[in-house]
Each structure stands twice: as structure tokens, then as C-alpha cells.
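One file, work-v8.cif, carrying mmCIF, C-alpha atoms:
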```cif
data_start
loop_
_atom_site.label_atom_id
_atom_site.label_comp_id
_atom_site.auth_asym_id
_atom_site.auth_seq_id
_atom_site.Cartn_x
_atom_site.Cartn_y
_atom_site.Cartn_z
CA MET A 27 110.75 263.53 -64.02
CA SER A 28 112.84 265.50 -61.62
CA ARG A 29 116.12 263.65 -61.89
CA ARG A 30 118.97 265.03 -63.94
CA VAL A 31 121.48 262.77 -65.61
CA PRO A 32 124.94 263.61 -64.30
CA ASP A 33 128.11 264.15 -66.32
CA LEU A 34 128.88 260.68 -67.62
CA SER A 35 132.12 261.56 -69.41
CA VAL A 36 134.47 259.36 -67.35
CA TYR A 37 132.45 256.60 -65.74
CA LEU A 38 134.46 254.31 -63.48
CA VAL A 39 133.25 250.75 -62.88
CA THR A 40 134.92 249.16 -59.87
CA ASP A 41 136.70 245.84 -59.63
CA ARG A 42 138.74 245.26 -56.50
CA LEU A 43 140.37 242.23 -58.05
CA LEU A 44 141.94 244.42 -60.74
CA ALA A 45 143.19 247.02 -58.26
CA ARG A 46 146.54 245.31 -57.69
CA GLY A 47 146.11 244.99 -53.96
CA ARG A 48 145.16 248.61 -53.36
CA GLU A 49 142.11 249.53 -51.30
CA LEU A 50 139.11 250.15 -53.49
CA VAL A 51 138.24 253.42 -51.75
CA ASP A 52 141.74 254.74 -52.47
CA VAL A 53 141.51 253.74 -56.14
CA VAL A 54 138.12 255.39 -56.50
CA LEU A 55 139.12 258.60 -54.76
CA ALA A 56 142.25 258.88 -56.89
CA ALA A 57 140.13 258.42 -60.01
CA VAL A 58 137.76 261.15 -58.84
CA ARG A 59 140.68 263.50 -58.19
CA GLY A 60 141.75 262.80 -61.75
CA GLY A 61 138.32 263.68 -63.05
CA ALA A 62 136.12 260.57 -62.99
CA THR A 63 132.55 261.85 -62.95
CA VAL A 64 130.51 258.78 -61.92
CA VAL A 65 131.30 255.56 -60.07
CA GLN A 66 129.54 252.24 -60.49
CA LEU A 67 130.01 249.67 -57.75
CA ARG A 68 130.37 246.32 -59.47
CA GLU A 69 132.08 243.64 -57.42
CA LYS A 70 131.02 240.36 -58.92
CA ASP A 71 133.12 238.27 -56.54
CA ALA A 72 132.00 240.00 -53.35
CA SER A 73 129.06 238.90 -51.24
CA ALA A 74 126.10 241.26 -50.93
CA ARG A 75 127.21 242.03 -47.39
CA GLU A 76 130.76 242.86 -48.47
CA THR A 77 129.40 244.99 -51.29
CA LEU A 78 127.15 246.81 -48.84
CA GLU A 79 130.17 247.65 -46.69
CA LEU A 80 132.20 248.76 -49.70
CA GLY A 81 129.29 250.86 -50.89
CA ARG A 82 128.91 252.53 -47.50
CA ALA A 83 132.59 253.42 -47.47
CA LEU A 84 132.45 254.78 -51.02
CA LEU A 85 129.24 256.71 -50.52
CA GLY A 86 130.61 258.40 -47.42
CA ARG A 87 133.47 259.78 -49.49
CA LEU A 88 131.71 260.39 -52.82
CA ARG A 89 128.57 262.14 -51.65
CA PRO A 90 130.42 265.17 -50.23
CA LEU A 91 132.21 265.44 -53.56
CA GLY A 92 128.97 265.36 -55.53
CA VAL A 93 130.04 262.27 -57.47
CA PRO A 94 127.16 259.83 -57.97
CA LEU A 95 127.48 256.20 -56.90
CA ILE A 96 125.53 253.73 -58.98
CA VAL A 97 125.12 250.10 -57.94
CA ASN A 98 125.42 247.31 -60.49
CA ASP A 99 122.49 244.92 -60.77
CA ARG A 100 121.24 244.86 -57.17
CA VAL A 101 118.34 247.22 -56.59
CA ASP A 102 118.15 246.14 -52.96
CA LEU A 103 121.76 247.14 -52.40
CA ALA A 104 121.11 250.51 -54.02
CA MET A 105 118.10 251.00 -51.74
CA ALA A 106 119.95 249.86 -48.63
CA LEU A 107 122.81 252.24 -49.40
CA GLY A 108 120.70 255.16 -50.51
CA ALA A 109 122.87 255.16 -53.62
CA ASP A 110 122.18 257.43 -56.56
CA GLY A 111 120.94 254.67 -58.79
CA VAL A 112 121.33 251.26 -60.31
CA HIS A 113 122.73 249.89 -63.54
CA VAL A 114 120.99 246.80 -64.87
CA GLY A 115 121.86 244.42 -67.65
CA GLN A 116 119.49 242.63 -69.96
CA GLY A 117 119.31 239.65 -67.58
CA ASP A 118 118.91 241.67 -64.40
CA LEU A 119 115.67 242.97 -62.98
CA PRO A 120 113.85 244.89 -65.74
CA PRO A 121 114.43 248.66 -65.68
CA VAL A 122 110.74 249.27 -65.08
CA VAL A 123 110.92 247.17 -61.92
CA ALA A 124 114.06 248.98 -60.78
CA ARG A 125 112.33 252.32 -61.41
CA ARG A 126 109.27 251.27 -59.45
CA LEU A 127 111.35 250.15 -56.47
CA LEU A 128 113.77 253.10 -56.50
CA GLY A 129 111.37 255.89 -57.30
CA PRO A 130 111.49 258.77 -59.77
CA ASP A 131 114.69 260.43 -58.54
CA ALA A 132 117.09 257.50 -58.89
CA LEU A 133 119.29 256.97 -61.91
CA VAL A 134 118.54 253.81 -63.87
CA GLY A 135 121.05 252.72 -66.49
CA LEU A 136 120.62 249.83 -68.90
CA SER A 137 123.23 247.76 -70.74
CA ILE A 138 122.79 247.60 -74.49
CA THR A 139 124.91 244.88 -76.07
CA GLY A 140 123.80 245.24 -79.67
CA PRO A 141 121.07 246.45 -82.02
CA ALA A 142 118.68 243.75 -80.83
CA ASP A 143 118.64 245.36 -77.37
CA LEU A 144 117.65 248.81 -78.62
CA SER A 145 113.94 248.11 -78.36
CA THR A 146 114.35 247.28 -74.64
CA LEU A 147 115.21 250.86 -73.76
CA ASP A 148 112.26 253.03 -72.75
CA PRO A 149 113.51 256.59 -72.22
CA ALA A 150 110.62 257.23 -69.83
CA VAL A 151 112.22 254.66 -67.53
CA VAL A 152 115.93 254.51 -68.37
CA ASP A 153 118.25 257.50 -67.87
CA TYR A 154 121.29 256.36 -69.82
CA ALA A 155 122.57 253.41 -71.82
CA GLY A 156 125.80 251.52 -71.27
CA VAL A 157 126.68 250.34 -74.76
CA GLY A 158 129.24 247.64 -75.30
CA PRO A 159 131.50 245.92 -75.35
CA ILE A 160 132.96 248.28 -77.93
CA PHE A 161 136.31 246.47 -78.00
CA PRO A 162 137.28 243.02 -76.71
CA THR A 163 137.65 243.12 -72.94
CA GLY A 164 139.29 241.02 -70.28
CA SER A 165 137.45 242.45 -67.28
CA LYS A 166 134.01 240.95 -67.90
CA ALA A 167 133.97 237.19 -68.21
CA ASP A 168 130.48 236.94 -69.72
CA ALA A 169 130.81 239.77 -72.26
CA THR A 170 129.14 239.45 -75.65
CA PRO A 171 131.10 240.00 -78.92
CA ALA A 172 132.70 243.41 -79.44
CA LEU A 173 130.54 245.90 -81.37
CA GLY A 174 133.28 248.13 -82.78
CA LEU A 175 133.16 251.85 -83.45
CA GLU A 176 131.08 251.63 -86.62
CA GLU A 177 128.27 249.75 -84.91
CA LEU A 178 128.38 252.22 -82.02
CA ALA A 179 128.02 255.09 -84.51
CA ARG A 180 125.13 253.31 -86.27
CA MET A 181 123.32 252.62 -82.99
CA ARG A 182 123.83 256.05 -81.45
CA PRO A 183 120.99 257.90 -83.25
CA ARG A 184 118.58 255.16 -82.20
CA LEU A 185 119.34 255.70 -78.51
CA PRO A 186 117.20 258.51 -77.07
CA VAL A 187 119.29 258.82 -73.89
CA PRO A 188 122.92 259.64 -73.06
CA VAL A 189 125.31 256.84 -73.96
CA VAL A 190 128.30 255.57 -72.04
CA ALA A 191 130.50 253.26 -74.08
CA ILE A 192 132.12 250.32 -72.29
CA GLY A 193 134.47 247.46 -73.07
CA GLY A 194 138.18 247.62 -73.79
CA ILE A 195 138.30 251.41 -73.61
CA ASN A 196 141.60 253.04 -72.68
CA ALA A 197 143.53 256.28 -73.17
CA ALA A 198 144.50 255.30 -76.70
CA ASN A 199 140.99 254.70 -78.04
CA ALA A 200 138.74 256.83 -75.78
CA ALA A 201 138.71 259.82 -78.14
CA SER A 202 137.57 257.62 -81.03
CA VAL A 203 134.69 256.27 -78.95
CA ILE A 204 133.49 259.78 -78.17
CA ALA A 205 133.97 260.76 -81.81
CA ALA A 206 131.70 257.84 -82.73
CA GLY A 207 128.92 259.37 -80.64
CA ALA A 208 129.30 258.23 -77.04
CA ASP A 209 128.74 260.83 -74.32
CA GLY A 210 131.19 259.18 -72.00
CA VAL A 211 133.60 256.32 -71.58
CA SER A 212 133.17 253.63 -68.98
CA VAL A 213 136.32 251.88 -67.84
CA VAL A 214 137.36 249.24 -65.35
CA SER A 215 140.96 248.20 -65.80
CA ALA A 216 142.10 251.42 -67.52
CA ILE A 217 141.74 253.05 -64.12
CA CYS A 218 141.63 250.25 -61.52
CA SER A 219 144.79 248.57 -62.84
CA ALA A 220 146.72 251.73 -63.69
CA ASP A 221 150.02 252.54 -62.00
CA ASP A 222 148.54 255.90 -61.03
CA CYS A 223 144.74 255.90 -60.99
CA GLU A 224 144.51 259.69 -60.76
CA VAL A 225 146.71 260.19 -63.81
CA ALA A 226 144.83 257.46 -65.66
CA ALA A 227 141.52 259.22 -65.06
CA SER A 228 142.89 262.62 -66.07
CA VAL A 229 144.26 261.18 -69.31
CA LEU A 230 140.77 259.83 -70.06
CA VAL A 231 139.24 263.23 -69.30
CA ARG A 232 141.56 264.78 -71.91
CA ALA A 233 140.80 262.05 -74.42
CA VAL A 234 137.06 262.64 -74.00
CA ARG A 235 137.59 266.37 -74.62
CA GLN A 236 139.58 265.58 -77.75
CA GLY A 237 136.84 263.30 -78.96
CA LEU A 238 134.20 265.96 -78.38
CA ALA A 239 136.31 268.57 -80.18
CA SER A 240 136.70 266.28 -83.18
CA ARG A 241 132.90 266.10 -83.55
CA LYS A 242 132.51 269.89 -83.92
CA MET B 18 104.79 242.70 -34.89
CA SER B 19 101.80 241.64 -36.90
CA ARG B 20 103.33 238.86 -38.98
CA ARG B 21 102.74 235.24 -38.06
CA VAL B 22 105.30 232.59 -38.85
CA PRO B 23 103.66 229.96 -41.06
CA ASP B 24 103.81 226.19 -40.67
CA LEU B 25 107.43 225.41 -41.54
CA SER B 26 107.18 221.65 -41.21
CA VAL B 27 108.00 220.75 -44.83
CA TYR B 28 109.90 223.64 -46.39
CA LEU B 29 110.75 223.14 -50.05
CA VAL B 30 113.75 224.96 -51.54
CA THR B 31 113.66 225.00 -55.32
CA ASP B 32 116.36 223.98 -57.75
CA ARG B 33 115.29 223.61 -61.36
CA LEU B 34 118.56 221.89 -62.21
CA LEU B 35 117.68 219.03 -59.87
CA ALA B 36 114.15 218.65 -61.23
CA ARG B 37 115.14 216.16 -63.92
CA GLY B 38 113.77 218.24 -66.76
CA ARG B 39 110.36 218.83 -65.26
CA GLU B 40 108.86 222.32 -65.07
CA LEU B 41 109.57 223.96 -61.73
CA VAL B 42 105.95 225.03 -61.27
CA ASP B 43 104.80 221.42 -61.71
CA VAL B 44 107.36 220.16 -59.20
CA VAL B 45 106.34 222.79 -56.65
CA LEU B 46 102.61 222.22 -57.07
CA ALA B 47 103.06 218.46 -56.71
CA ALA B 48 105.06 219.06 -53.53
CA VAL B 49 102.29 221.29 -52.16
CA ARG B 50 99.68 218.65 -52.97
CA GLY B 51 101.80 216.25 -50.98
CA GLY B 52 101.89 218.61 -48.02
CA ALA B 53 104.83 221.02 -48.45
CA THR B 54 103.97 224.03 -46.31
CA VAL B 55 106.41 226.72 -47.53
CA VAL B 56 108.38 227.26 -50.75
CA GLN B 57 111.66 229.09 -51.07
CA LEU B 58 112.67 230.23 -54.54
CA ARG B 59 116.40 229.61 -54.81
CA GLU B 60 117.71 229.35 -58.36
CA LYS B 61 121.40 230.09 -58.14
CA ASP B 62 122.00 229.55 -61.84
CA ALA B 63 119.13 231.68 -63.09
CA SER B 64 119.41 235.38 -63.89
CA ALA B 65 117.43 237.82 -61.78
CA ARG B 66 115.06 238.27 -64.69
CA GLU B 67 114.49 234.53 -65.09
CA THR B 68 113.98 234.21 -61.34
CA LEU B 69 111.46 237.04 -61.45
CA GLU B 70 109.49 235.18 -64.12
CA LEU B 71 109.68 231.91 -62.19
CA GLY B 72 108.60 233.72 -59.05
CA ARG B 73 105.62 235.28 -60.77
CA ALA B 74 104.51 231.90 -62.07
CA LEU B 75 104.90 230.30 -58.66
CA LEU B 76 103.23 233.11 -56.75
CA GLY B 77 100.23 233.01 -59.05
CA ARG B 78 99.68 229.39 -58.11
CA LEU B 79 100.78 229.40 -54.46
CA ARG B 80 98.95 232.46 -53.19
CA PRO B 81 95.47 231.03 -53.82
CA LEU B 82 96.59 227.94 -51.91
CA GLY B 83 97.80 229.99 -48.94
CA VAL B 84 101.33 228.61 -49.27
CA PRO B 85 103.99 231.27 -48.63
CA LEU B 86 106.70 231.95 -51.21
CA ILE B 87 110.01 233.11 -49.78
CA VAL B 88 112.80 234.42 -52.01
CA ASN B 89 116.39 233.43 -51.38
CA ASP B 90 118.89 236.22 -50.88
CA ARG B 91 117.44 238.94 -53.15
CA VAL B 92 115.33 241.44 -51.25
CA ASP B 93 114.68 243.33 -54.48
CA LEU B 94 113.23 240.24 -56.10
CA ALA B 95 111.01 239.65 -53.07
CA MET B 96 109.80 243.26 -53.29
CA ALA B 97 109.27 243.12 -57.05
CA LEU B 98 107.25 239.92 -56.69
CA GLY B 99 105.34 240.93 -53.62
CA ALA B 100 106.55 237.63 -52.17
CA ASP B 101 105.91 236.65 -48.58
CA GLY B 102 109.47 237.15 -47.48
CA VAL B 103 113.15 236.61 -47.96
CA HIS B 104 115.71 234.14 -46.67
CA VAL B 105 119.20 235.53 -46.20
CA GLY B 106 122.49 233.86 -45.47
CA GLN B 107 125.33 235.20 -43.38
CA GLY B 108 126.92 236.81 -46.45
CA ASP B 109 123.72 238.27 -47.86
CA LEU B 110 122.20 241.60 -46.95
CA PRO B 111 121.90 241.75 -43.15
CA PRO B 112 118.47 240.74 -41.80
CA VAL B 113 117.96 244.21 -40.35
CA VAL B 114 118.40 245.71 -43.82
CA ALA B 115 116.00 243.17 -45.32
CA ARG B 116 113.47 243.96 -42.60
CA ARG B 117 113.78 247.69 -43.20
CA LEU B 118 113.26 247.30 -46.95
CA LEU B 119 110.46 244.74 -46.72
CA GLY B 120 108.53 246.15 -43.80
CA PRO B 121 107.08 244.57 -40.67
CA ASP B 122 104.77 242.05 -42.33
CA ALA B 123 107.33 240.15 -44.43
CA LEU B 124 108.96 236.94 -43.30
CA VAL B 125 112.71 237.18 -42.82
CA GLY B 126 114.66 233.95 -42.39
CA LEU B 127 118.35 233.68 -41.58
CA SER B 128 120.79 230.84 -42.22
CA ILE B 129 122.67 229.61 -39.17
CA THR B 130 125.61 227.41 -40.08
CA GLY B 131 127.01 226.78 -36.61
CA PRO B 132 127.21 228.02 -33.01
CA ALA B 133 129.29 231.03 -34.07
CA ASP B 134 126.31 232.36 -36.03
CA LEU B 135 123.89 232.23 -33.09
CA SER B 136 124.70 235.76 -31.96
CA THR B 137 123.73 237.13 -35.39
CA LEU B 138 120.06 236.24 -34.91
CA ASP B 139 117.94 239.01 -33.42
CA PRO B 140 114.43 237.63 -32.83
CA ALA B 141 113.04 241.16 -33.12
CA VAL B 142 114.16 241.09 -36.76
CA VAL B 143 114.34 237.44 -37.83
CA ASP B 144 111.28 235.19 -37.96
CA TYR B 145 112.91 231.79 -38.31
CA ALA B 146 116.31 230.18 -38.61
CA GLY B 147 117.46 227.82 -41.31
CA VAL B 148 120.01 225.67 -39.50
CA GLY B 149 122.44 223.54 -41.43
CA PRO B 150 123.82 221.74 -43.16
CA ILE B 151 122.75 218.98 -40.76
CA PHE B 152 124.09 216.22 -43.01
CA PRO B 153 126.49 216.39 -45.96
CA THR B 154 124.69 217.69 -49.03
CA GLY B 155 125.22 217.68 -52.73
CA SER B 156 122.77 220.42 -53.62
CA LYS B 157 124.67 223.43 -52.26
CA ALA B 158 128.17 223.82 -53.63
CA ASP B 159 129.35 226.31 -51.00
CA ALA B 160 127.95 224.53 -47.96
CA THR B 161 129.89 224.58 -44.70
CA PRO B 162 130.70 221.33 -42.79
CA ALA B 163 127.77 219.22 -41.60
CA LEU B 164 126.61 219.96 -38.04
CA GLY B 165 125.05 216.61 -37.21
CA LEU B 166 122.04 215.90 -34.99
CA GLU B 167 123.84 216.39 -31.70
CA GLU B 168 124.98 219.89 -32.58
CA LEU B 169 121.47 220.73 -33.79
CA ALA B 170 120.08 219.57 -30.43
CA ARG B 171 122.70 221.61 -28.56
CA MET B 172 121.99 224.76 -30.58
CA ARG B 173 118.20 224.52 -30.51
CA PRO B 174 117.63 225.98 -27.02
CA ARG B 175 119.77 228.97 -27.96
CA LEU B 176 117.57 229.82 -30.96
CA PRO B 177 114.60 231.97 -29.88
CA VAL B 178 112.72 231.47 -33.16
CA PRO B 179 111.31 228.49 -35.08
CA VAL B 180 114.01 226.34 -36.67
CA VAL B 181 114.01 224.70 -40.06
CA ALA B 182 116.80 222.18 -40.48
CA ILE B 183 118.46 221.91 -43.88
CA GLY B 184 121.14 219.89 -45.57
CA GLY B 185 121.03 216.27 -46.64
CA ILE B 186 117.58 215.70 -45.16
CA ASN B 187 115.43 212.95 -46.65
CA ALA B 188 112.60 210.60 -45.74
CA ALA B 189 114.98 208.31 -43.85
CA ASN B 190 116.41 210.93 -41.49
CA ALA B 191 113.70 213.62 -41.30
CA ALA B 192 112.10 212.22 -38.14
CA SER B 193 115.45 212.24 -36.34
CA VAL B 194 115.95 215.90 -37.25
CA ILE B 195 112.58 216.82 -35.77
CA ALA B 196 113.32 214.68 -32.73
CA ALA B 197 116.51 216.70 -32.28
CA GLY B 198 114.45 219.87 -31.99
CA ALA B 199 113.81 221.26 -35.45
CA ASP B 200 110.33 222.60 -36.18
CA GLY B 201 110.54 221.66 -39.82
CA VAL B 202 112.68 220.08 -42.49
CA SER B 203 113.95 221.98 -45.48
CA VAL B 204 114.73 219.92 -48.55
CA VAL B 205 115.85 220.44 -52.11
CA SER B 206 116.68 217.18 -53.85
CA ALA B 207 114.51 214.98 -51.61
CA ILE B 208 111.55 216.56 -53.38
CA CYS B 209 112.89 218.18 -56.58
CA SER B 210 114.69 215.03 -57.72
CA ALA B 211 112.10 212.51 -56.55
CA ASP B 212 110.35 210.21 -59.00
CA ASP B 213 107.04 211.50 -57.62
CA CYS B 214 107.33 214.89 -55.95
CA GLU B 215 103.88 214.67 -54.35
CA VAL B 216 104.63 211.31 -52.76
CA ALA B 217 108.06 212.55 -51.66
CA ALA B 218 106.49 215.51 -49.86
CA SER B 219 103.83 213.37 -48.21
CA VAL B 220 106.46 210.94 -46.93
CA LEU B 221 108.29 213.90 -45.36
CA VAL B 222 105.05 215.12 -43.77
CA ARG B 223 104.64 211.71 -42.13
CA ALA B 224 108.27 211.66 -41.00
CA VAL B 225 107.86 215.09 -39.38
CA ARG B 226 104.79 213.84 -37.52
CA GLN B 227 106.73 210.80 -36.33
CA GLY B 228 109.55 213.03 -35.15
CA LEU B 229 107.14 215.26 -33.24
CA ALA B 230 105.46 212.23 -31.65
CA SER B 231 108.83 210.92 -30.50
CA ARG B 232 109.43 214.15 -28.55
CA LYS B 233 106.29 213.81 -26.44
#
```

Encoding of this model in C-alpha cells:
Amino acid sequence: MSRRVPDLSVYLVTDRLLARGRELVDVVLAAVRGGATVVQLREKDASARETLELGRALLGRLRPLGVPLIVNDRVDLAMALGADGVHVGQGDLPPVVARRLLGPDALVGLSITGPADLSTLDPAVVDYAGVGPIFPTGSKADATPALGLEELARMRPRLPVPVVAIGGINAANAASVIAAGADGVSVVSAICSADDCEVAASVLVRAVRQGLASRK
Amino acid sequence: MSRRVPDLSVYLVTDRLLARGRELVDVVLAAVRGGATVVQLREKDASARETLELGRALLGRLRPLGVPLIVNDRVDLAMALGADGVHVGQGDLPPVVARRLLGPDALVGLSITGPADLSTLDPAVVDYAGVGPIFPTGSKADATPALGLEELARMRPRLPVPVVAIGGINAANAASVIAAGADGVSVVSAICSADDCEVAASVLVRAVRQGLASRK
């Protein structure tokens, strides 16, 4: 396959409703200035049409910067936008269907919520795993129980693709998540709700570096 | 364009939760035996993956019968299924996007909830309009105010495509909806919740015929 998995080290998942009244594009661009490496568009309370408009605005700014935009759940939205890929959960369209619709060059990520999901990940189809929630989280209403760092470390060798950890990750615990084996940290409120989204992202970048250094 | 709009006279919209515990496939097949001419898969409480499975089961039974299956909202699901088309609302992906993704042969329907929506329908893109709610309805939580028969009759000449009326339609009022200018009646609970779904569909077929006769 010709696609290359991008740097997943600081993976921002959007949520307008947590952005404290700021424009989503401004929040995302600040995060990218701070060092966010990937953006996932996930606006559960927006209509498909609103999400399409948001995605167009984001893509117009992110593409020149070389930062990939991944769409949550909706393969059709990803196709309509010409986004870089899609992230699907266990209840969304199966990764193999997303791959078939999007073609070989798109990124396809899959949520892994626990050991029982490991068998659902085919590395010939899926480019990276979003593993979590690692810690309890307030920004996803339907989240499953927190896995914790030990379970993340146990699962990591069984995942044959890069791993982004998600769920309750912030500046204080990001290094420990990387130390436990994740390749990147995925955050919503740690950036979207921060006083300064650029600073918040840069602090996470440093924490990821610390975590990587601790593994050597 | 090569597509032909099918007979829309009795257009069933699915809702498992209104099917009183019966299997959706059984409800749909009974409705088709009774004369339902089109089926729209709309399962708002099902995951995309569940809807995909339901769609596969339905398509396997409907295609040999020549009854089109249209998917609500999700263009990706329609593509994954190889369904006959998609029905989008005003907040869903724009019809022109659905058309681009699905190609020239798919059916694309658009919801029209009042006169203000009329300008959104491009007959070069959209094959039929779903106009409603005509009457107050319990089966769509986010429905807009009921239009009534007079508004339907006023709007009809301004719609350059076939019209399916939806919202609170049943055996008692279906003929009046056709008399007001609709080409077909779209129902959820009038079939899904009926004691006998086949009989319920056949009663609607007769009511549509009566409505058409009253226009001559």
C-alpha cells in the first residue's frame, strides 16, 4: 500500500461545544501552531451539512500546512471533503468497507476499547488504532470503562499498527501514556477547552517527547 | 439521465422500534406483499454497522422482487450496500454531493418541510421530494410543524419532481393526501405498527387509488 501513516504524536479531536465559544478553525489552527500533528473532525452535535462546512473550512487551512484531516465515522463526509481519511469505531461502518469506499491511499483508523476488540483490527486494512479510554473522560458520553496504563501496556504488543491513546489525557499524564507504549496522544478538551490552545498543544508535544525519552 | 423514478405510491419508511417486536425483514416483506412499492431504511437508533446488516438483509430480499431500497441520510451506507439510492434531509449532505458520490443512476430524494425549502430542490439532481410532515406525527422526534393538505396543494405545482407526502399519514387520510397532489404516501407507523402489515399496506394501496380517481 502506498499510504504512509503520518506523525500521530499529538492528535487533536475536535469538539466545538468544548471550545468555550471560540471558532473551531481558530482553535484548530492554534493547536497546529503549538505542534498538533493530526486533526480529527468529530462534531457529534452537528448535522452532516454543518460538519461538511466545518470540514471544508478546516481542510482549506490544514492542507497547505501538511496536517492531515481525518473525519470521524462518516465515510461519505470524508469522500465529499476529500479528507485524508476516516476514523471508525466498533459500531461504525467496518474498516474494510471504509477502505473499499475510500481507496488505498486514505487513512483508516479504528477504535479499540479493550482486549476483546484486538481481533477486529486487520493491519492490511487499518492504518492506526485509537485505544481508549485510557482514563475516565467527560468529553465522550458513550465511552466504555477506562483501561488504565497497565492494560494499554499489555495490549500494545498485540497491536500491529501505530497506536494513539485517547480518553482523559492531559499534560500531566501524557508522558506516562507514551511510556506505556502509545505512539501518540489524542485529546479533545485538553486542547479545545484550554485557555491557550497553542500553549496546550506545545505542552503535549513536550510531554510526548518526555515519554519517548523515558522508554529509551 | 438514465435513471427512472420508481412507483412511489406506497413508500414505506422503516422503524424497528415501532414494529412491536417483530423482525424488520418480516415487516418489510409483509408490506411489499400488500403492495408497498419502495422501502426506505431509516433506523435512527441503530449504529451504522447494525444498519448495514439490516440493509444487507433487506436488499437480499427486495432486489429479487424489484422493490427499490433507499437509505436515509447516509450516502456511505447506500454505497456500501449498493442500495438504489439515498434520501437526504435539509441538514444532511447536500443532494448535489450525494449525486456526485452515488453517480447518475442512483435515486436521490430530498425532504421538503415547507415553502422555504422549495428553492433547494434542483430537478437536475433530485429525483423526488418527500414533503412533510403533512399531519402531526409521533414517529419523528425532530419533525417541523405540520403543513396540512392546503399547503401541500399550494406547494405541489412548484415541485418539478414526483412528490411523496409524509407525516401522520394513515388509511383514513391517505386518499386526501393524493387528492391534494401527492404522487405517493410515505408511512412509518401506519405499516410498521399495524396488527397485519400486509393488510395495512394493501389498504393504503386502495386509498391511493381512490385519491387518484378523485383527481380525474

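Interface residues of chain A facing chain B, defined by any atom at most 7 Å away and using all atoms listed in the file, are A:Ser73, A:Ala74, A:Arg75, A:Val101, A:Asp102, A:Ala106, A:Gly117, A:Asp118, A:Leu119, A:Pro120, A:Val123.
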
With C-alpha atoms retained, write the just-selected residues as a PDB file, keeping the file's coordinate frame.
```pdb
ATOM      1  CA  SER A  73     129.060 238.900 -51.240  1.00  0.00           C
ATOM      2  CA  ALA A  74     126.100 241.260 -50.930  1.00  0.00           C
ATOM      3  CA  ARG A  75     127.210 242.030 -47.390  1.00  0.00           C
ATOM      4  CA  VAL A 101     118.340 247.220 -56.590  1.00  0.00           C
ATOM      5  CA  ASP A 102     118.150 246.140 -52.960  1.00  0.00           C
ATOM      6  CA  ALA A 106     119.950 249.860 -48.630  1.00  0.00           C
ATOM      7  CA  GLY A 117     119.310 239.650 -67.580  1.00  0.00           C
ATOM      8  CA  ASP A 118     118.910 241.670 -64.400  1.00  0.00           C
ATOM      9  CA  LEU A 119     115.670 242.970 -62.980  1.00  0.00           C
ATOM     10  CA  PRO A 120     113.850 244.890 -65.740  1.00  0.00           C
ATOM     11  CA  VAL A 123     110.920 247.170 -61.920  1.00  0.00           C
TER      12      VAL A 123
END
```

Can you find the residues with an atom no farther than 6 Å from (110.0, 217.2, -58.3), counting all atoms listed in the file, and report them as a PyMOL selection string?
chain B and resi 36+44+208-211+214

Can you tell me which residues surround Leu147 in chain A at a distance of at most 10 Å, considering all atoms listed in the file, apart from same-chain residues fewer than 2 positions away, and format the answer as a list in words?
Pro121, Val122, Gly135, Leu136, Ser137, Ile138, Asp143, Leu144, Ser145, Pro149, Ala150, Val151, Val152, Asp153, Tyr154, Ala155, Leu185, Pro186 and Val187 of chain A

Which of these residues is nearest to Gly228 in chain B, using all atoms listed in the file: B:Gly131, B:Phe152, B:Val105, B:Ala188?
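Answer, going by the shortest atom-to-atom distance: B:Ala188.
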
One decimal, in Å: what's the spacing between CA of Val189 in chain A and CA of Pro90 in chain A?
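Value for the CA of Val189 in chain A-CA of Pro90 in chain A distance: 25.7 Å.
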